[in-house]
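Right, one structure below, let's go through it.
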Amino acid sequence: MVALDRRQQRGLVTRLLSREAMVLVASPRRRLHAGGEEATVTWPDVARLPLVDFTPGWAIRYAVDRAARAAGVERGTTFEVDDIVAAAELVRHDLGVCIMPPSIASRFPDLDRYPFERHAPTWQVMVVRPPGEPPAAVAALLRHIT
């Protein structure tokens, strides 16, 4: 089970397991909006903030880059990490904000989450395998998890 971008899927058989719209994660000290029950962010908002980003090659990074392009926004990266916990620690200390799937952000309940108003990056988790008939054990696993 993996999260791959389209280029990485080439030549593989894929089956989508889940899809989520990613959220912006911020320290509670960083108030992005005054009041409001369901505060959202826009890409221009994000472009003005210090961003904790993941290294190129990560599916999260690819999805964030693609969504920013779709929104017509150029963004920078303040910190580049290759670890979810390291990203959360930088956010926790209010050194930046980070974009991640809600299922991962939920591991850090002390951080605030903001959905995107438009052009939210999408996180997809899928099962991948080489083409052709899968071995019996793989076929049984696929039947069980999907």
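So you can find residues: chains in the structure tokens are A, B, ... in the order shown, residues in each start at 1, and ligands are numbered from 1 in order.
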Residues at most 10 Å from Arg61 of chain A, counting only C-alpha atoms, excluding those fewer than 5 positions away in the same chain, as a PDB file with N, CA, C and O atoms, in the first residue's frame?
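Final output, saved to result.pdb:
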ATOM      1  N   ASP A   5       2.496   9.252  -7.047  1.00  0.00           N
ATOM      2  CA  ASP A   5       1.975  10.192  -8.032  1.00  0.00           C
ATOM      3  C   ASP A   5       1.799   9.441  -9.352  1.00  0.00           C
ATOM      4  O   ASP A   5       2.182   8.279  -9.482  1.00  0.00           O
ATOM      5  N   ASP A  53       7.771  21.873   4.161  1.00  0.00           N
ATOM      6  CA  ASP A  53       7.415  21.050   3.008  1.00  0.00           C
ATOM      7  C   ASP A  53       8.198  19.750   3.046  1.00  0.00           C
ATOM      8  O   ASP A  53       9.194  19.624   3.751  1.00  0.00           O
ATOM      9  N   PHE A  54       7.735  18.801   2.265  1.00  0.00           N
ATOM     10  CA  PHE A  54       8.418  17.516   2.176  1.00  0.00           C
ATOM     11  C   PHE A  54       9.333  17.509   0.963  1.00  0.00           C
ATOM     12  O   PHE A  54       9.154  18.274   0.019  1.00  0.00           O
ATOM     13  N   THR A  55      10.308  16.633   0.985  1.00  0.00           N
ATOM     14  CA  THR A  55      11.303  16.597  -0.074  1.00  0.00           C
ATOM     15  C   THR A  55      10.676  16.147  -1.396  1.00  0.00           C
ATOM     16  O   THR A  55       9.681  15.413  -1.406  1.00  0.00           O
ATOM     17  N   PRO A  56      11.249  16.603  -2.518  1.00  0.00           N
ATOM     18  CA  PRO A  56      10.763  16.132  -3.813  1.00  0.00           C
ATOM     19  C   PRO A  56      10.824  14.603  -3.862  1.00  0.00           C
ATOM     20  O   PRO A  56      11.725  13.978  -3.310  1.00  0.00           O
ATOM     21  N   ARG A  66       1.311  20.308  -7.385  1.00  0.00           N
ATOM     22  CA  ARG A  66       0.288  20.281  -8.430  1.00  0.00           C
ATOM     23  C   ARG A  66      -0.893  21.194  -8.072  1.00  0.00           C
ATOM     24  O   ARG A  66      -1.390  21.940  -8.911  1.00  0.00           O
ATOM     25  N   ALA A  67      -1.337  21.164  -6.820  1.00  0.00           N
ATOM     26  CA  ALA A  67      -2.465  22.003  -6.394  1.00  0.00           C
ATOM     27  C   ALA A  67      -2.092  23.486  -6.437  1.00  0.00           C
ATOM     28  O   ALA A  67      -2.919  24.318  -6.841  1.00  0.00           O
ATOM     29  N   GLU A  80      12.498  22.039   4.528  1.00  0.00           N
ATOM     30  CA  GLU A  80      12.201  20.837   3.743  1.00  0.00           C
ATOM     31  C   GLU A  80      12.615  19.636   4.587  1.00  0.00           C
ATOM     32  O   GLU A  80      13.772  19.554   5.021  1.00  0.00           O
ATOM     33  N   ILE A  99       1.280  21.233   5.012  1.00  0.00           N
ATOM     34  CA  ILE A  99       0.113  20.661   4.349  1.00  0.00           C
ATOM     35  C   ILE A  99       0.256  19.150   4.417  1.00  0.00           C
ATOM     36  O   ILE A  99       1.291  18.605   4.017  1.00  0.00           O
ATOM     37  N   MET A 100      -0.789  18.496   4.942  1.00  0.00           N
ATOM     38  CA  MET A 100      -0.748  17.044   5.063  1.00  0.00           C
ATOM     39  C   MET A 100      -2.160  16.471   5.041  1.00  0.00           C
ATOM     40  O   MET A 100      -3.127  17.218   5.246  1.00  0.00           O
ATOM     41  N   PRO A 121      -4.932  20.058  -2.211  1.00  0.00           N
ATOM     42  CA  PRO A 121      -4.164  18.908  -2.685  1.00  0.00           C
ATOM     43  C   PRO A 121      -4.889  17.627  -2.274  1.00  0.00           C
ATOM     44  O   PRO A 121      -5.540  17.583  -1.234  1.00  0.00           O
TER      45      PRO A 121
END
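Proximity to segment 27-29 of chain A at 9 Å, evaluated using only C-alpha atoms and with sequence-adjacent residues fewer than 6 positions away removed, yields Val91, Arg92, His93, Asp94, Leu95, Gly96, Val97, Asp110, Leu111, Asp112 and Arg113 of chain A.
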With N, CA, C and O atoms retained, write the just-selected residues as an mmCIF file, in the first residue's frame.
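For reference, selection_36.cif as written:
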data_model
loop_
_atom_site.group_PDB
_atom_site.id
_atom_site.type_symbol
_atom_site.label_atom_id
_atom_site.label_comp_id
_atom_site.auth_asym_id
_atom_site.auth_seq_id
_atom_site.Cartn_x
_atom_site.Cartn_y
_atom_site.Cartn_z
ATOM 1 N N VAL A 91 6.118 22.739 13.058
ATOM 2 C CA VAL A 91 4.828 23.433 13.141
ATOM 3 C C VAL A 91 4.486 23.716 14.599
ATOM 4 O O VAL A 91 4.058 24.822 14.944
ATOM 5 N N ARG A 92 4.661 22.737 15.446
ATOM 6 C CA ARG A 92 4.345 22.882 16.876
ATOM 7 C C ARG A 92 5.093 24.059 17.491
ATOM 8 O O ARG A 92 4.577 24.773 18.346
ATOM 9 N N HIS A 93 6.340 24.273 17.054
ATOM 10 C CA HIS A 93 7.141 25.389 17.567
ATOM 11 C C HIS A 93 6.897 26.680 16.774
ATOM 12 O O HIS A 93 7.643 27.645 16.919
ATOM 13 N N ASP A 94 5.869 26.673 15.940
ATOM 14 C CA ASP A 94 5.439 27.834 15.164
ATOM 15 C C ASP A 94 6.526 28.383 14.230
ATOM 16 O O ASP A 94 6.616 29.580 13.992
ATOM 17 N N LEU A 95 7.319 27.473 13.697
ATOM 18 C CA LEU A 95 8.336 27.878 12.727
ATOM 19 C C LEU A 95 7.800 27.855 11.306
ATOM 20 O O LEU A 95 8.472 28.300 10.388
ATOM 21 N N GLY A 96 6.608 27.324 11.119
ATOM 22 C CA GLY A 96 5.971 27.274 9.814
ATOM 23 C C GLY A 96 4.670 26.515 9.892
ATOM 24 O O GLY A 96 4.249 26.073 10.970
ATOM 25 N N VAL A 97 4.035 26.385 8.748
ATOM 26 C CA VAL A 97 2.811 25.599 8.602
ATOM 27 C C VAL A 97 3.128 24.449 7.661
ATOM 28 O O VAL A 97 4.132 24.478 6.962
ATOM 29 N N ASP A 110 -2.883 18.482 18.935
ATOM 30 C CA ASP A 110 -2.611 19.803 19.492
ATOM 31 C C ASP A 110 -2.420 20.866 18.406
ATOM 32 O O ASP A 110 -2.362 22.060 18.704
ATOM 33 N N LEU A 111 -2.352 20.462 17.142
ATOM 34 C CA LEU A 111 -2.182 21.404 16.038
ATOM 35 C C LEU A 111 -3.528 21.719 15.396
ATOM 36 O O LEU A 111 -4.400 20.856 15.316
ATOM 37 N N ASP A 112 -3.679 22.960 14.944
ATOM 38 C CA ASP A 112 -4.913 23.375 14.279
ATOM 39 C C ASP A 112 -4.895 22.938 12.824
ATOM 40 O O ASP A 112 -3.841 22.918 12.184
ATOM 41 N N ARG A 113 -6.078 22.612 12.314
ATOM 42 C CA ARG A 113 -6.219 22.184 10.920
ATOM 43 C C ARG A 113 -7.162 23.121 10.182
ATOM 44 O O ARG A 113 -8.223 23.469 10.702
#
Find the residue from A:Val128, A:Ile60, A:Val85, A:Val52 that sits nearest to Thr14 of chain A; use only C-alpha atoms when measuring. A:Val128
Give the helix (DSSP H, G or I) residues of segment 26-131 of chain A, as assigned by DSSP on the backbone, as number ranges by chain. A: 43-47, 59-71, 84-92, 102-105
Filtering to N, CA and C atoms, could you give me those residues as an mmCIF file, in the first residue's frame?
data_model
loop_
_atom_site.group_PDB
_atom_site.id
_atom_site.type_symbol
_atom_site.label_atom_id
_atom_site.label_comp_id
_atom_site.auth_asym_id
_atom_site.auth_seq_id
_atom_site.Cartn_x
_atom_site.Cartn_y
_atom_site.Cartn_z
ATOM 1 N N TRP A 43 -4.913 29.561 -1.306
ATOM 2 C CA TRP A 43 -3.522 29.455 -1.722
ATOM 3 C C TRP A 43 -2.772 30.769 -1.570
ATOM 4 N N PRO A 44 -3.382 31.939 -1.844
ATOM 5 C CA PRO A 44 -2.657 33.186 -1.558
ATOM 6 C C PRO A 44 -2.296 33.318 -0.071
ATOM 7 N N ASP A 45 -3.192 32.843 0.826
ATOM 8 C CA ASP A 45 -2.862 32.825 2.264
ATOM 9 C C ASP A 45 -1.610 31.982 2.499
ATOM 10 N N VAL A 46 -1.609 30.799 1.944
ATOM 11 C CA VAL A 46 -0.511 29.854 2.160
ATOM 12 C C VAL A 46 0.802 30.401 1.609
ATOM 13 N N ALA A 47 0.750 31.054 0.456
ATOM 14 C CA ALA A 47 1.965 31.571 -0.180
ATOM 15 C C ALA A 47 2.665 32.616 0.692
ATOM 16 N N ALA A 59 4.931 11.789 -2.249
ATOM 17 C CA ALA A 59 3.613 11.970 -2.864
ATOM 18 C C ALA A 59 2.924 13.228 -2.338
ATOM 19 N N ILE A 60 3.128 13.543 -1.053
ATOM 20 C CA ILE A 60 2.534 14.765 -0.495
ATOM 21 C C ILE A 60 3.092 15.977 -1.234
ATOM 22 N N ARG A 61 4.383 16.022 -1.434
ATOM 23 C CA ARG A 61 5.017 17.165 -2.112
ATOM 24 C C ARG A 61 4.484 17.295 -3.537
ATOM 25 N N TYR A 62 4.395 16.191 -4.238
ATOM 26 C CA TYR A 62 3.894 16.222 -5.610
ATOM 27 C C TYR A 62 2.470 16.774 -5.649
ATOM 28 N N ALA A 63 1.611 16.312 -4.746
ATOM 29 C CA ALA A 63 0.217 16.772 -4.718
ATOM 30 C C ALA A 63 0.131 18.252 -4.363
ATOM 31 N N VAL A 64 0.958 18.708 -3.420
ATOM 32 C CA VAL A 64 0.963 20.121 -3.038
ATOM 33 C C VAL A 64 1.453 20.975 -4.200
ATOM 34 N N ASP A 65 2.524 20.567 -4.850
ATOM 35 C CA ASP A 65 3.036 21.316 -6.012
ATOM 36 C C ASP A 65 1.968 21.416 -7.102
ATOM 37 N N ARG A 66 1.311 20.308 -7.385
ATOM 38 C CA ARG A 66 0.288 20.281 -8.430
ATOM 39 C C ARG A 66 -0.893 21.194 -8.072
ATOM 40 N N ALA A 67 -1.337 21.164 -6.820
ATOM 41 C CA ALA A 67 -2.465 22.003 -6.394
ATOM 42 C C ALA A 67 -2.092 23.486 -6.437
ATOM 43 N N ALA A 68 -0.878 23.826 -6.038
ATOM 44 C CA ALA A 68 -0.447 25.231 -6.090
ATOM 45 C C ALA A 68 -0.423 25.717 -7.540
ATOM 46 N N ARG A 69 0.076 24.884 -8.452
ATOM 47 C CA ARG A 69 0.065 25.265 -9.876
ATOM 48 C C ARG A 69 -1.357 25.457 -10.371
ATOM 49 N N ALA A 70 -2.270 24.557 -9.986
ATOM 50 C CA ALA A 70 -3.671 24.672 -10.411
ATOM 51 C C ALA A 70 -4.296 25.946 -9.886
ATOM 52 N N ALA A 71 -3.857 26.396 -8.711
ATOM 53 C CA ALA A 71 -4.388 27.636 -8.126
ATOM 54 C C ALA A 71 -3.678 28.866 -8.689
ATOM 55 N N ILE A 84 7.377 12.981 8.816
ATOM 56 C CA ILE A 84 6.128 13.601 9.270
ATOM 57 C C ILE A 84 6.274 14.170 10.670
ATOM 58 N N VAL A 85 6.916 13.432 11.560
ATOM 59 C CA VAL A 85 7.067 13.897 12.941
ATOM 60 C C VAL A 85 7.938 15.155 12.992
ATOM 61 N N ALA A 86 8.998 15.193 12.203
ATOM 62 C CA ALA A 86 9.836 16.398 12.153
ATOM 63 C C ALA A 86 9.035 17.592 11.653
ATOM 64 N N ALA A 87 8.192 17.378 10.645
ATOM 65 C CA ALA A 87 7.342 18.456 10.142
ATOM 66 C C ALA A 87 6.419 18.959 11.243
ATOM 67 N N ALA A 88 5.792 18.042 11.969
ATOM 68 C CA ALA A 88 4.880 18.426 13.049
ATOM 69 C C ALA A 88 5.612 19.182 14.153
ATOM 70 N N GLU A 89 6.832 18.802 14.448
ATOM 71 C CA GLU A 89 7.596 19.507 15.493
ATOM 72 C C GLU A 89 7.910 20.941 15.065
ATOM 73 N N LEU A 90 8.277 21.139 13.822
ATOM 74 C CA LEU A 90 8.519 22.501 13.333
ATOM 75 C C LEU A 90 7.246 23.340 13.416
ATOM 76 N N VAL A 91 6.118 22.739 13.058
ATOM 77 C CA VAL A 91 4.828 23.433 13.141
ATOM 78 C C VAL A 91 4.486 23.716 14.599
ATOM 79 N N ARG A 92 4.661 22.737 15.446
ATOM 80 C CA ARG A 92 4.345 22.882 16.876
ATOM 81 C C ARG A 92 5.093 24.059 17.491
ATOM 82 N N PRO A 102 -5.532 14.748 6.362
ATOM 83 C CA PRO A 102 -6.160 14.759 7.682
ATOM 84 C C PRO A 102 -5.899 13.492 8.489
ATOM 85 N N SER A 103 -5.792 12.359 7.821
ATOM 86 C CA SER A 103 -5.537 11.105 8.544
ATOM 87 C C SER A 103 -4.174 11.121 9.222
ATOM 88 N N ILE A 104 -3.229 11.851 8.667
ATOM 89 C CA ILE A 104 -1.913 12.003 9.304
ATOM 90 C C ILE A 104 -1.962 13.150 10.314
ATOM 91 N N ALA A 105 -2.603 14.255 9.945
ATOM 92 C CA ALA A 105 -2.712 15.403 10.853
ATOM 93 C C ALA A 105 -3.398 15.021 12.159
#
Point-to-point distance from atom CA of Val23 of chain A to atom CA of Pro50 of chain A, Å rounded to tenths: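 Taking atom CA of Val23 of chain A as the start and atom CA of Pro50 of chain A as the end point, the length is 15.4 Å.
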Can you measure atom CA of Val73 of chain A to atom CA of Pro115 of chain A for me? One decimal in Å is fine.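 Straight-line distance from atom CA of Val73 of chain A to atom CA of Pro115 of chain A works out to 17.0 Å.
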Can you tell me, as a PyMOL selection string, which residues in segment 9-63 of chain A count as strand (DSSP E) by DSSP? chain A and resi 13-21+23-26+51-54
Just to confirm, what's the straight-line distance from atom CA of Gly57 of chain A to atom CA of Ala139 of chain A in Å (one decimal)? 28.7 Å
A:Val81, A:Ala120, A:Ala26, A:Ile145: which is nearest Leu49 of chain A, counting only C-alpha atoms?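 Looking only at the distances to Leu49 of chain A, the closest residue turns out to be A:Ala26.
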Closest of A:Leu12, A:Tyr114, A:Ala39, A:Pro134 to Leu24 of chain A - atom-to-atom distances counting only C-alpha atoms: A:Tyr114
